[in-house]
file my_file-v4.pdb (PDB, C-alpha atoms and all ligand atoms)
ATOM      1  CA  MET S 270       5.118  11.443  -9.206
ATOM      2  CA  LYS S 271       3.604   9.639 -12.150
ATOM      3  CA  ILE S 272       4.042   5.863 -12.304
ATOM      4  CA  VAL S 273       3.917   4.083 -15.650
ATOM      5  CA  ILE S 274       3.867   0.297 -15.558
ATOM      6  CA  SER S 275       4.667  -1.075 -18.983
ATOM      7  CA  GLY S 276       4.284  -4.759 -19.887
ATOM      8  CA  VAL S 277       5.611  -5.996 -16.532
ATOM      9  CA  GLU S 278       6.024  -9.729 -16.062
ATOM     10  CA  VAL S 279       7.207 -11.264 -12.763
ATOM     11  CA  TRP S 280       8.075 -14.900 -12.145
ATOM     12  CA  TYR S 281       8.753 -16.645  -8.824
ATOM     13  CA  ASN S 282      10.455 -19.840 -10.023
ATOM     14  CA  SER S 283       7.730 -21.463 -12.139
ATOM     15  CA  VAL S 284       4.894 -19.192 -10.915
ATOM     16  CA  LYS S 285       3.970 -16.256 -13.135
ATOM     17  CA  ALA S 286       2.797 -13.650 -10.592
ATOM     18  CA  LEU S 287       2.402 -10.703 -13.007
ATOM     19  CA  ASP S 288       1.474 -11.239 -16.618
ATOM     20  CA  GLU S 289       2.265  -8.268 -18.895
ATOM     21  CA  VAL S 290       0.744  -5.731 -16.511
ATOM     22  CA  SER S 291       0.432  -2.175 -17.826
ATOM     23  CA  ALA S 292      -1.119   0.851 -16.116
ATOM     24  CA  GLU S 293      -0.590   4.570 -15.615
ATOM     25  CA  ILE S 294      -1.050   6.155 -12.217
ATOM     26  CA  GLU S 295      -1.108   9.919 -12.088
ATOM     27  CA  SER S 296       0.690  11.982  -9.485
ATOM     28  CA  GLY S 297      -1.456  12.503  -6.384
ATOM     29  CA  GLU S 298      -3.829   9.644  -7.187
ATOM     30  CA  MET S 299      -4.973   7.152  -4.558
ATOM     31  CA  VAL S 300      -5.403   3.817  -6.321
ATOM     32  CA  PHE S 301      -6.797   0.762  -4.534
ATOM     33  CA  VAL S 302      -5.755  -2.652  -5.866
ATOM     34  CA  ILE S 303      -8.229  -5.435  -5.167
ATOM     35  CA  GLY S 304      -8.564  -9.046  -6.270
ATOM     36  CA  PRO S 305      -8.635 -12.604  -4.934
ATOM     37  CA  ASN S 306      -5.791 -14.249  -2.984
ATOM     38  CA  GLY S 307      -2.768 -14.803  -5.186
ATOM     39  CA  ALA S 308      -3.936 -12.292  -7.843
ATOM     40  CA  GLY S 309      -0.597 -10.446  -7.774
ATOM     41  CA  LYS S 310      -1.471  -7.362  -5.675
ATOM     42  CA  THR S 311       1.524  -7.564  -3.307
ATOM     43  CA  THR S 312       3.837  -8.470  -6.186
ATOM     44  CA  LEU S 313       2.717  -5.365  -8.085
ATOM     45  CA  LEU S 314       3.494  -3.163  -5.063
ATOM     46  CA  LYS S 315       6.852  -4.885  -4.463
ATOM     47  CA  THR S 316       7.805  -4.440  -8.116
ATOM     48  CA  ILE S 317       7.076  -0.704  -7.940
ATOM     49  CA  ALA S 318       9.088  -0.580  -4.677
ATOM     50  CA  SER S 319      11.983  -2.207  -6.552
ATOM     51  CA  ILE S 320      11.972  -5.136  -4.097
ATOM     52  CA  VAL S 321      11.002  -7.599  -6.844
ATOM     53  CA  LYS S 322      12.625  -7.299 -10.298
ATOM     54  CA  PRO S 323      10.489  -7.919 -13.371
ATOM     55  CA  SER S 324      11.758 -10.432 -15.913
ATOM     56  CA  LYS S 325      10.088  -8.390 -18.644
ATOM     57  CA  GLY S 326       8.740  -4.844 -18.889
ATOM     58  CA  VAL S 327       9.655  -1.574 -17.212
ATOM     59  CA  ILE S 328       8.372   0.743 -14.483
ATOM     60  CA  TYR S 329       8.862   4.460 -15.017
ATOM     61  CA  ILE S 330       8.735   7.022 -12.231
ATOM     62  CA  ASP S 331       8.311  10.500 -13.701
ATOM     63  CA  GLY S 332       9.808   9.210 -16.948
ATOM     64  CA  LYS S 333      12.869   7.497 -15.398
ATOM     65  CA  THR S 334      13.136   3.714 -15.187
ATOM     66  CA  LEU S 335      13.554   2.325 -11.672
ATOM     67  CA  SER S 336      17.078   1.142 -12.529
ATOM     68  CA  GLU S 337      18.060   4.716 -13.442
ATOM     69  CA  ILE S 338      17.130   5.964  -9.959
ATOM     70  CA  PRO S 339      19.834   5.480  -7.269
ATOM     71  CA  GLN S 340      18.832   3.055  -4.481
ATOM     72  CA  ARG S 341      19.179   5.767  -1.819
ATOM     73  CA  GLU S 342      16.801   8.005  -3.781
ATOM     74  CA  ILE S 343      14.321   5.113  -4.074
ATOM     75  CA  GLY S 344      14.576   4.693  -0.290
ATOM     76  CA  LYS S 345      13.654   8.347   0.061
ATOM     77  CA  ILE S 346      10.814   8.696  -2.420
ATOM     78  CA  ILE S 347       9.115   5.302  -2.086
ATOM     79  CA  ALA S 348       7.634   3.882   1.127
ATOM     80  CA  PHE S 349       6.389   0.291   1.088
ATOM     81  CA  VAL S 350       4.388  -0.784   4.125
ATOM     82  CA  ASP S 351       4.589  -4.531   4.594
ATOM     83  CA  PRO S 352       2.353  -5.888   7.371
ATOM     84  CA  HIS S 353       4.511  -9.041   7.523
ATOM     85  CA  ILE S 354       7.530  -7.243   8.969
ATOM     86  CA  SER S 355       9.458  -9.181  11.607
ATOM     87  CA  ARG S 356       8.624  -8.045  15.134
ATOM     88  CA  SER S 357      12.060  -9.009  16.319
ATOM     89  CA  ILE S 358      13.636  -5.654  15.407
ATOM     90  CA  PRO S 359      15.261  -4.699  18.740
ATOM     91  CA  SER S 360      14.128  -1.091  18.917
ATOM     92  CA  THR S 361      11.537   1.114  20.475
ATOM     93  CA  VAL S 362       8.712   2.557  18.398
ATOM     94  CA  PHE S 363      10.422   5.977  18.488
ATOM     95  CA  GLU S 364      13.744   4.547  17.258
ATOM     96  CA  PHE S 365      11.917   2.598  14.560
ATOM     97  CA  LEU S 366      10.093   5.723  13.358
ATOM     98  CA  LEU S 367      13.369   7.651  13.386
ATOM     99  CA  THR S 368      14.923   5.192  10.908
ATOM    100  CA  ALA S 369      12.412   6.495   8.347
ATOM    101  CA  ARG S 370      14.197   9.874   8.471
ATOM    102  CA  TYR S 371      17.529   8.229   7.578
ATOM    103  CA  PRO S 372      17.213   8.707   3.764
ATOM    104  CA  HIS S 373      16.662  12.440   4.407
ATOM    105  CA  GLN S 374      19.878  12.819   6.424
ATOM    106  CA  ASN S 375      23.258  13.613   4.938
ATOM    107  CA  THR S 376      25.279  11.625   7.450
ATOM    108  CA  PHE S 377      25.687   7.849   7.446
ATOM    109  CA  SER S 378      24.902   7.479  11.148
ATOM    110  CA  ILE S 379      21.328   7.870  12.337
ATOM    111  CA  SER S 380      20.902  11.065  14.281
ATOM    112  CA  GLN S 381      17.853  13.056  15.291
ATOM    113  CA  SER S 382      17.238  16.670  14.499
ATOM    114  CA  PRO S 383      14.567  18.769  16.254
ATOM    115  CA  GLN S 384      12.674  18.673  12.952
ATOM    116  CA  ASP S 385      12.721  14.835  12.932
ATOM    117  CA  VAL S 386      11.360  14.737  16.487
ATOM    118  CA  GLU S 387       8.657  17.262  15.577
ATOM    119  CA  ILE S 388       7.554  15.180  12.560
ATOM    120  CA  ILE S 389       7.489  11.975  14.637
ATOM    121  CA  ASP S 390       5.506  13.615  17.464
ATOM    122  CA  SER S 391       2.945  15.086  15.116
ATOM    123  CA  ILE S 392       2.422  11.851  13.144
ATOM    124  CA  ALA S 393       2.361   9.768  16.350
ATOM    125  CA  LYS S 394      -0.541  11.943  17.537
ATOM    126  CA  GLN S 395      -2.441  11.406  14.273
ATOM    127  CA  PHE S 396      -2.040   7.628  14.547
ATOM    128  CA  ASN S 397      -2.853   7.502  18.243
ATOM    129  CA  ILE S 398       0.511   5.899  19.093
ATOM    130  CA  THR S 399       2.106   8.612  21.269
ATOM    131  CA  HIS S 400       1.703   6.386  24.337
ATOM    132  CA  LEU S 401       3.608   3.617  22.523
ATOM    133  CA  LEU S 402       6.717   5.580  21.524
ATOM    134  CA  ASN S 403       8.908   4.075  24.284
ATOM    135  CA  ARG S 404       7.588   0.517  23.873
ATOM    136  CA  ARG S 405       9.564  -2.120  22.022
ATOM    137  CA  LEU S 406       8.063  -3.361  18.743
ATOM    138  CA  ASP S 407       7.697  -6.898  20.090
ATOM    139  CA  GLN S 408       5.509  -5.549  22.902
ATOM    140  CA  LEU S 409       2.776  -4.220  20.596
ATOM    141  CA  SER S 410      -0.540  -5.751  19.651
ATOM    142  CA  SER S 411      -1.000  -6.552  15.953
ATOM    143  CA  GLY S 412      -3.199  -3.500  15.357
ATOM    144  CA  GLU S 413      -0.836  -1.186  17.258
ATOM    145  CA  LEU S 414       2.063  -2.496  15.175
ATOM    146  CA  GLN S 415       0.091  -1.901  11.974
ATOM    147  CA  ARG S 416      -0.530   1.722  12.980
ATOM    148  CA  VAL S 417       3.190   2.116  13.760
ATOM    149  CA  LEU S 418       4.124   0.713  10.335
ATOM    150  CA  ILE S 419       1.847   3.132   8.492
ATOM    151  CA  ALA S 420       2.996   6.005  10.717
ATOM    152  CA  ARG S 421       6.622   5.146   9.846
ATOM    153  CA  ALA S 422       5.801   5.492   6.145
ATOM    154  CA  MET S 423       4.321   8.921   6.877
ATOM    155  CA  VAL S 424       7.436   9.942   8.848
ATOM    156  CA  GLN S 425       9.477   9.099   5.750
ATOM    157  CA  GLN S 426       7.460  11.746   3.814
ATOM    158  CA  PRO S 427       7.602   9.739   0.577
ATOM    159  CA  LYS S 428       6.441  10.812  -2.867
ATOM    160  CA  ILE S 429       5.083   7.316  -3.543
ATOM    161  CA  LEU S 430       3.275   5.392  -0.824
ATOM    162  CA  LEU S 431       2.590   1.664  -1.221
ATOM    163  CA  LEU S 432       0.343   0.122   1.433
ATOM    164  CA  ASP S 433      -0.132  -3.639   1.554
ATOM    165  CA  GLU S 434      -3.310  -4.559   3.446
ATOM    166  CA  PRO S 435      -3.335  -1.434   5.655
ATOM    167  CA  SER S 436      -6.637  -2.447   7.252
ATOM    168  CA  ALA S 437      -5.271  -5.799   8.467
ATOM    169  CA  PHE S 438      -5.543  -6.102  12.271
ATOM    170  CA  LEU S 439      -7.183  -2.663  12.625
ATOM    171  CA  ASP S 440     -10.459  -2.265  14.472
ATOM    172  CA  LEU S 441     -13.414  -0.623  12.728
ATOM    173  CA  ARG S 442     -12.659   2.908  13.889
ATOM    174  CA  HIS S 443      -8.923   2.722  13.172
ATOM    175  CA  ARG S 444      -9.585   1.371   9.637
ATOM    176  CA  LEU S 445     -11.688   4.384   8.779
ATOM    177  CA  GLU S 446      -9.505   6.891  10.630
ATOM    178  CA  THR S 447      -6.245   5.564   9.205
ATOM    179  CA  LEU S 448      -7.377   5.543   5.592
ATOM    180  CA  ARG S 449      -9.077   8.915   5.917
ATOM    181  CA  TYR S 450      -5.865  10.373   7.350
ATOM    182  CA  VAL S 451      -3.719   8.721   4.657
ATOM    183  CA  LYS S 452      -6.000  10.112   1.941
ATOM    184  CA  ASN S 453      -5.764  13.567   3.468
ATOM    185  CA  VAL S 454      -1.927  13.425   3.534
ATOM    186  CA  VAL S 455      -1.844  12.011  -0.006
ATOM    187  CA  LYS S 456      -3.964  14.878  -1.326
ATOM    188  CA  THR S 457      -2.223  17.624   0.658
ATOM    189  CA  ASN S 458       1.275  16.520  -0.369
ATOM    190  CA  ASP S 459       0.563  15.253  -3.902
ATOM    191  CA  ILE S 460       1.702  11.715  -3.009
ATOM    192  CA  THR S 461       0.984   8.883  -5.426
ATOM    193  CA  CYS S 462      -0.512   6.056  -3.404
ATOM    194  CA  LEU S 463      -1.329   2.408  -4.145
ATOM    195  CA  VAL S 464      -3.253   0.380  -1.592
ATOM    196  CA  ALA S 465      -3.579  -3.413  -1.901
ATOM    197  CA  ILE S 466      -6.657  -4.365   0.064
ATOM    198  CA  HIS S 467      -9.420  -6.950   0.417
ATOM    199  CA  ASP S 468     -11.988  -4.581   1.900
ATOM    200  CA  ILE S 469     -14.040  -3.394  -1.094
ATOM    201  CA  TYR S 470     -16.065  -1.037   1.091
ATOM    202  CA  LEU S 471     -12.917   0.901   2.052
ATOM    203  CA  ALA S 472     -11.939   0.993  -1.629
ATOM    204  CA  SER S 473     -15.337   2.432  -2.527
ATOM    205  CA  LEU S 474     -14.949   5.083   0.208
ATOM    206  CA  TYR S 475     -11.414   6.305  -0.395
ATOM    207  CA  ALA S 476     -10.198   5.308  -3.881
ATOM    208  CA  ASP S 477      -9.799   7.762  -6.739
ATOM    209  CA  LYS S 478      -9.330   4.717  -8.948
ATOM    210  CA  VAL S 479      -9.601   0.981  -8.421
ATOM    211  CA  VAL S 480      -7.527  -1.726 -10.103
ATOM    212  CA  ILE S 481      -9.042  -5.203 -10.112
ATOM    213  CA  MET S 482      -6.483  -7.968 -10.520
ATOM    214  CA  SER S 483      -6.957 -11.649 -11.180
ATOM    215  CA  ARG S 484      -4.304 -14.284 -11.903
ATOM    216  CA  GLY S 485      -1.532 -11.781 -12.478
ATOM    217  CA  SER S 486      -3.493  -9.536 -14.847
ATOM    218  CA  ILE S 487      -5.433  -6.305 -14.576
ATOM    219  CA  ILE S 488      -9.106  -7.047 -15.262
ATOM    220  CA  ALA S 489     -10.453  -3.522 -14.752
ATOM    221  CA  PHE S 490      -9.044  -0.072 -13.955
ATOM    222  CA  GLY S 491     -11.182   3.005 -13.396
ATOM    223  CA  THR S 492     -13.140   5.013 -10.864
ATOM    224  CA  PRO S 493     -14.936   3.032  -8.113
ATOM    225  CA  ASP S 494     -18.262   3.621  -9.897
ATOM    226  CA  GLU S 495     -16.832   2.323 -13.158
ATOM    227  CA  VAL S 496     -15.249  -0.880 -11.855
ATOM    228  CA  LEU S 497     -16.949  -1.927  -8.595
ATOM    229  CA  LYS S 498     -19.796  -3.475 -10.558
ATOM    230  CA  LYS S 499     -21.763  -6.558  -9.591
ATOM    231  CA  GLU S 500     -21.030  -8.436 -12.838
ATOM    232  CA  ILE S 501     -17.255  -7.768 -12.648
ATOM    233  CA  LEU S 502     -16.942  -8.608  -8.936
ATOM    234  CA  GLU S 503     -19.056 -11.787  -9.200
ATOM    235  CA  LYS S 504     -16.895 -13.035 -12.070
ATOM    236  CA  VAL S 505     -13.567 -12.215 -10.408
ATOM    237  CA  TYR S 506     -14.414 -13.497  -6.908
ATOM    238  CA  ASN S 507     -16.919 -16.227  -7.792
ATOM    239  CA  VAL S 508     -19.231 -14.834  -5.163
ATOM    240  CA  ARG S 509     -22.823 -13.632  -5.394
ATOM    241  CA  ILE S 510     -22.849  -9.870  -4.685
ATOM    242  CA  ALA S 511     -25.666  -7.648  -3.419
ATOM    243  CA  TYR S 512     -25.845  -3.893  -3.006
ATOM    244  CA  VAL S 513     -27.351  -2.275   0.051
ATOM    245  CA  ASP S 514     -28.263   1.381   0.113
ATOM    246  CA  VAL S 515     -26.863   3.125   3.204
ATOM    247  CA  ASN S 516     -27.735   6.830   3.302
ATOM    248  CA  GLY S 517     -27.582   7.023  -0.492
ATOM    249  CA  ARG S 518     -24.254   5.144  -0.662
ATOM    250  CA  LYS S 519     -24.101   1.759  -2.409
ATOM    251  CA  VAL S 520     -22.473  -0.765  -0.078
ATOM    252  CA  ILE S 521     -21.278  -4.042  -1.614
ATOM    253  CA  ILE S 522     -22.011  -7.212   0.338
ATOM    254  CA  PRO S 523     -20.748 -10.707  -0.524
ATOM    255  CA  ILE S 524     -23.705 -13.105  -0.166
ATOM    256  CA  GLU S 525     -22.521 -16.635  -1.007
ATOM    257  CA  PRO S 526     -19.986 -18.510  -3.155
ATOM    258  CA  ILE S 527     -21.227 -19.203  -6.675
TER     259      ILE S 527
HETATM  260  N1  LIG N 601       8.205 -15.641  -2.752
HETATM  261  C1  LIG N 601       7.386 -16.311  -3.552
HETATM  262  N2  LIG N 601       7.772 -17.498  -4.102
HETATM  263  C2  LIG N 601       6.956 -18.189  -4.936
HETATM  264  N3  LIG N 601       5.726 -17.775  -5.295
HETATM  265  C3  LIG N 601       5.286 -16.612  -4.766
HETATM  266  C4  LIG N 601       6.086 -15.823  -3.873
HETATM  267  N4  LIG N 601       5.388 -14.724  -3.519
HETATM  268  C5  LIG N 601       4.190 -14.814  -4.146
HETATM  269  N5  LIG N 601       4.148 -15.947  -4.905
HETATM  270  C6  LIG N 601       3.039 -16.362  -5.763
HETATM  271  O1  LIG N 601       2.774 -15.304  -6.682
HETATM  272  C7  LIG N 601       1.368 -15.140  -6.870
HETATM  273  C8  LIG N 601       0.962 -13.709  -6.533
HETATM  274  O2  LIG N 601       1.159 -13.533  -5.119
HETATM  275  P1  LIG N 601       0.855 -12.139  -4.407
HETATM  276  O3  LIG N 601       1.354 -12.251  -3.014
HETATM  277  O4  LIG N 601       1.362 -11.059  -5.249
HETATM  278  O5  LIG N 601      -0.735 -12.142  -4.451
HETATM  279  P2  LIG N 601      -1.779 -11.223  -3.665
HETATM  280  O6  LIG N 601      -2.795 -10.782  -4.678
HETATM  281  O7  LIG N 601      -1.093 -10.176  -2.898
HETATM  282  O8  LIG N 601      -2.425 -12.304  -2.710
HETATM  283  P3  LIG N 601      -3.109 -12.188  -1.234
HETATM  284  O9  LIG N 601      -4.415 -11.504  -1.408
HETATM  285  O10 LIG N 601      -3.291 -13.634  -0.877
HETATM  286  O11 LIG N 601      -2.148 -11.483  -0.328
HETATM  287  C9  LIG N 601       0.692 -16.221  -6.046
HETATM  288  O12 LIG N 601       0.422 -17.327  -6.887
HETATM  289  C10 LIG N 601       1.736 -16.584  -5.000
HETATM  290  O13 LIG N 601       1.608 -17.932  -4.591
END
call {"tool": "encode", "arguments": {"input": "my_file-v4.pdb", "output": "structure tokens", "more": "lines below"}}
Ligand SMILES: Nc1ncnc2c1ncn2[C@@H]1O[C@H](COP(=O)(O)OP(=O)(O)OP(=O)(O)O)[C@@H](O)[C@H]1O
result
Amino acid sequence: MKIVISGVEVWYNSVKALDEVSAEIESGEMVFVIGPNGAGKTTLLKTIASIVKPSKGVIYIDGKTLSEIPQREIGKIIAFVDPHISRSIPSTVFEFLLTARYPHQNTFSISQSPQDVEIIDSIAKQFNITHLLNRRLDQLSSGELQRVLIARAMVQQPKILLLDEPSAFLDLRHRLETLRYVKNVVKTNDITCLVAIHDIYLASLYADKVVIMSRGSIIAFGTPDEVLKKEILEKVYNVRIAYVDVNGRKVIIPIEPI
């Protein structure tokens, strides 16, 4: 689904978190959103997820404004993965994953069809969490919980996937594996995906496009080669940047604060 963000402004009391943000994200694109702390990355994702309401501007999903789409439909087509979820949800990992099938069911009570169980089993394997399915959420390590949260979004089979800091708490292998898997699913199923992240290396590896935000505005939007440039990054982060060549790939390294 195509997302059009048009002149969106978001205020939290007296803080302007998004300042007339406009962008177009094509169906099936994987867009990484980077920028310093407080730049507005999470707010942008939450606004697209309809969790935060803009005071000005509109977001269109395939030509319809968010307010024209019924809440239940939004719950079906959009998955927002928030790493700050409360661990105190009293359910097992399996039960938690099953709740992601709820928007697909016609009944108002949560039930499980053989198809739901099949989807959960297959995604649990991909995320290496099969052994955790009977554990309670509050018994998981931070990285295990993060994998469960992303897996839950996959179980939902959304059309729009919004990942907030998906690499947080993940070890080196799981960072690469998780994002590679997500990209694969995004491409196979034509999902539109936004990823707010601090790890510029992961953005350079997996992004179709990169958005750089600073102080509530979009500073640059384009392919990784177009926007992950020394002069742009140094200005936005106030950090001296160096490039290192690793097997022909340019890897960006922060050297020191300017
Ligand atoms: N609930 C809130 N109430 C008041 N201000 C908020 C709230 N949430 C975010 N803000 C402010 O809005 C601005 C944008 O925050 P946001 O969380 O979107 O930034 P971010 O780019 O995701 O930051 P980070 O990299 O630190 O996670 C910041 O100035 C932040 O302090």
call {"tool": "resolve_selection", "arguments": {"input": "my_file-v4.pdb", "expression": "the PyMOL selection byres (((not hetatm)) within 8 of (chain N and resi 601))", "output": "list in words"}}
result
Trp280, Tyr281, Asn282, Ser283, Val284, Lys285, Ala286, Leu287, Ile303, Gly304, Pro305, Asn306, Gly307, Ala308, Gly309, Lys310, Thr311, Thr312, Leu313, Asp433, Glu434, Ala465, Ile466, His467, Met482, Ser483, Arg484 and Gly485 of chain S
call {"tool": "resolve_selection", "arguments": {"input": "my_file-v4.pdb", "expression": "the PyMOL selection byres (((chain S and resi 363) around 10) and not hetatm)", "output": "list in words"}}
result
Ser360, Thr361, Val362, Glu364, Phe365, Leu366, Leu367, Thr368, Val386, Ile389, Asp390, Ala393, Ile398, Thr399, Leu401, Leu402, Asn403, Arg404, Arg405, Leu406, Val417 and Arg421 of chain S
call {"tool": "write_last_selection", "arguments": {"input": "my_file-v4.pdb", "atoms": "C-alpha atoms", "output": "PDB file, keeping the file's coordinate frame"}}
result
ATOM      1  CA  SER S 360      14.128  -1.091  18.917  1.00  0.00           C
ATOM      2  CA  THR S 361      11.537   1.114  20.475  1.00  0.00           C
ATOM      3  CA  VAL S 362       8.712   2.557  18.398  1.00  0.00           C
ATOM      4  CA  GLU S 364      13.744   4.547  17.258  1.00  0.00           C
ATOM      5  CA  PHE S 365      11.917   2.598  14.560  1.00  0.00           C
ATOM      6  CA  LEU S 366      10.093   5.723  13.358  1.00  0.00           C
ATOM      7  CA  LEU S 367      13.369   7.651  13.386  1.00  0.00           C
ATOM      8  CA  THR S 368      14.923   5.192  10.908  1.00  0.00           C
ATOM      9  CA  VAL S 386      11.360  14.737  16.487  1.00  0.00           C
ATOM     10  CA  ILE S 389       7.489  11.975  14.637  1.00  0.00           C
ATOM     11  CA  ASP S 390       5.506  13.615  17.464  1.00  0.00           C
ATOM     12  CA  ALA S 393       2.361   9.768  16.350  1.00  0.00           C
ATOM     13  CA  ILE S 398       0.511   5.899  19.093  1.00  0.00           C
ATOM     14  CA  THR S 399       2.106   8.612  21.269  1.00  0.00           C
ATOM     15  CA  LEU S 401       3.608   3.617  22.523  1.00  0.00           C
ATOM     16  CA  LEU S 402       6.717   5.580  21.524  1.00  0.00           C
ATOM     17  CA  ASN S 403       8.908   4.075  24.284  1.00  0.00           C
ATOM     18  CA  ARG S 404       7.588   0.517  23.873  1.00  0.00           C
ATOM     19  CA  ARG S 405       9.564  -2.120  22.022  1.00  0.00           C
ATOM     20  CA  LEU S 406       8.063  -3.361  18.743  1.00  0.00           C
ATOM     21  CA  VAL S 417       3.190   2.116  13.760  1.00  0.00           C
ATOM     22  CA  ARG S 421       6.622   5.146   9.846  1.00  0.00           C
TER      23      ARG S 421
END
call {"tool": "residues_around", "arguments": {"input": "my_file-v4.pdb", "residues": "Gly412 (chain S)", "least_positions_apart": "6", "cutoff": "12 Å", "atoms": "only C-alpha atoms", "output": "CSV table (one decimal) with C-alpha atoms, in the frame of the given file"}}
result
chain,number,residue,atom,x,y,z
S,352,PRO,CA,2.4,-5.9,7.4
S,396,PHE,CA,-2.0,7.6,14.5
S,397,ASN,CA,-2.9,7.5,18.2
S,398,ILE,CA,0.5,5.9,19.1
S,406,LEU,CA,8.1,-3.4,18.7
S,418,LEU,CA,4.1,0.7,10.3
S,419,ILE,CA,1.8,3.1,8.5
S,434,GLU,CA,-3.3,-4.6,3.4
S,435,PRO,CA,-3.3,-1.4,5.7
S,436,SER,CA,-6.6,-2.4,7.3
S,437,ALA,CA,-5.3,-5.8,8.5
S,438,PHE,CA,-5.5,-6.1,12.3
S,439,LEU,CA,-7.2,-2.7,12.6
S,440,ASP,CA,-10.5,-2.3,14.5
S,441,LEU,CA,-13.4,-0.6,12.7
S,442,ARG,CA,-12.7,2.9,13.9
S,443,HIS,CA,-8.9,2.7,13.2
S,444,ARG,CA,-9.6,1.4,9.6
S,447,THR,CA,-6.2,5.6,9.2
call {"tool": "resolve_selection", "arguments": {"input": "my_file-v4.pdb", "expression": "the PyMOL selection byres (((chain S and resi 324) around 8) and not hetatm)", "output": "PDB file with C-alpha atoms, keeping the file's coordinate frame"}}
result
ATOM      1  CA  VAL S 277       5.611  -5.996 -16.532  1.00  0.00           C
ATOM      2  CA  GLU S 278       6.024  -9.729 -16.062  1.00  0.00           C
ATOM      3  CA  VAL S 279       7.207 -11.264 -12.763  1.00  0.00           C
ATOM      4  CA  TRP S 280       8.075 -14.900 -12.145  1.00  0.00           C
ATOM      5  CA  LYS S 322      12.625  -7.299 -10.298  1.00  0.00           C
ATOM      6  CA  PRO S 323      10.489  -7.919 -13.371  1.00  0.00           C
ATOM      7  CA  LYS S 325      10.088  -8.390 -18.644  1.00  0.00           C
ATOM      8  CA  GLY S 326       8.740  -4.844 -18.889  1.00  0.00           C
TER       9      GLY S 326
END
call {"tool": "closest_residue", "arguments": {"input": "my_file-v4.pdb", "among": "S:Gly276, S:Glu495, S:Ala292, S:Ile524", "to": "Asn507 (chain S)", "atoms": "all atoms listed in the file"}}
result
S:Ile524
call {"tool": "atom_distance", "arguments": {"input": "my_file-v4.pdb", "atom1": "CA of Asp468 (chain S)", "atom2": "CA of Ser357 (chain S)"}}
result
28.4 Å
call {"tool": "atom_distance", "arguments": {"input": "my_file-v4.pdb", "atom1": "CA of His353 (chain S)", "atom2": "CA of Leu502 (chain S)"}}
result
27.0 Å
call {"tool": "residues_around", "arguments": {"input": "my_file-v4.pdb", "residues": "Leu430 (chain S)", "least_positions_apart": "2", "cutoff": "7 Å", "atoms": "all atoms listed in the file", "output": "list in words"}}
result
Ile347, Ala348, Phe349, Pro427, Lys428, Leu432, Ile460, Thr461, Cys462 and Leu463 of chain S
call {"tool": "residues_near_point", "arguments": {"input": "my_file-v4.pdb", "point": "(7.1, 7.5, -15.2)", "cutoff": "12 Å", "atoms": "only C-alpha atoms", "output": "VMD selection string"}}
result
chain S and resid 270 to 275 292 to 296 317 327 to 335 337 to 338 429 461
call {"tool": "residues_around", "arguments": {"input": "my_file-v4.pdb", "residues": "Leu497 (chain S)", "least_positions_apart": "6", "cutoff": "12 Å", "atoms": "all atoms listed in the file", "output": "ChimeraX atom specification"}}
result
/S:301-304,468-474,476,478-481,488-491,503-506,510-512,519-522
call {"tool": "atom_distance", "arguments": {"input": "my_file-v4.pdb", "atom1": "CA of Val515 (chain S)", "atom2": "CA of Ile527 (chain S)"}}
result
25.1 Å
call {"tool": "closest_residue", "arguments": {"input": "my_file-v4.pdb", "among": "S:Glu500, S:Asp514, S:Asp351, S:Asp288", "to": "Leu414 (chain S)", "atoms": "only C-alpha atoms"}}
result
S:Asp351
call {"tool": "closest_residue", "arguments": {"input": "my_file-v4.pdb", "among": "S:Val508, S:Val455, S:Leu409, S:Ala369", "to": "Gly297 (chain S)", "atoms": "all atoms listed in the file"}}
result
S:Val455
call {"tool": "closest_residue", "arguments": {"input": "my_file-v4.pdb", "among": "S:Asp477, S:Ile501, S:Gln395, S:Ile343", "to": "Gln425 (chain S)", "atoms": "all atoms listed in the file"}}
result
S:Ile343
call {"tool": "axis_aligned_box", "arguments": {"input": "my_file-v4.pdb", "around": "region 454-460 of chain S", "padding_each_side": "3 Å", "output": "JSON"}}
result
{"center_x": -1.1, "center_y": 14.7, "center_z": -0.2, "size_x": 11.7, "size_y": 11.9, "size_z": 13.4}
call {"tool": "closest_residue", "arguments": {"input": "my_file-v4.pdb", "among": "S:Ile487, S:Pro526, S:Lys498, S:Asp459", "to": "Glu298 (chain S)", "atoms": "only C-alpha atoms"}}
result
S:Asp459
call {"tool": "decode", "arguments": {"input": "my_file-v4.pdb", "residues": "region 414-419 of chain S", "atoms": "N, CA and C atoms", "output": "PDB file, in the first residue's frame"}}
result
ATOM      1  N   LEU S 414      12.389 -11.149  23.877  1.00  0.00           N
ATOM      2  CA  LEU S 414      11.126 -10.408  23.789  1.00  0.00           C
ATOM      3  C   LEU S 414      11.067  -9.612  22.484  1.00  0.00           C
ATOM      4  N   GLN S 415      12.178  -8.994  22.110  1.00  0.00           N
ATOM      5  CA  GLN S 415      12.202  -8.219  20.868  1.00  0.00           C
ATOM      6  C   GLN S 415      11.887  -9.121  19.673  1.00  0.00           C
ATOM      7  N   ARG S 416      12.450 -10.316  19.657  1.00  0.00           N
ATOM      8  CA  ARG S 416      12.183 -11.239  18.543  1.00  0.00           C
ATOM      9  C   ARG S 416      10.705 -11.648  18.535  1.00  0.00           C
ATOM     10  N   VAL S 417      10.148 -11.834  19.744  1.00  0.00           N
ATOM     11  CA  VAL S 417       8.717 -12.185  19.841  1.00  0.00           C
ATOM     12  C   VAL S 417       7.856 -11.042  19.303  1.00  0.00           C
ATOM     13  N   LEU S 418       8.237  -9.800  19.624  1.00  0.00           N
ATOM     14  CA  LEU S 418       7.433  -8.651  19.180  1.00  0.00           C
ATOM     15  C   LEU S 418       7.422  -8.541  17.654  1.00  0.00           C
ATOM     16  N   ILE S 419       8.601  -8.750  17.057  1.00  0.00           N
ATOM     17  CA  ILE S 419       8.670  -8.650  15.588  1.00  0.00           C
ATOM     18  C   ILE S 419       7.942  -9.843  14.961  1.00  0.00           C
TER      19      ILE S 419
END
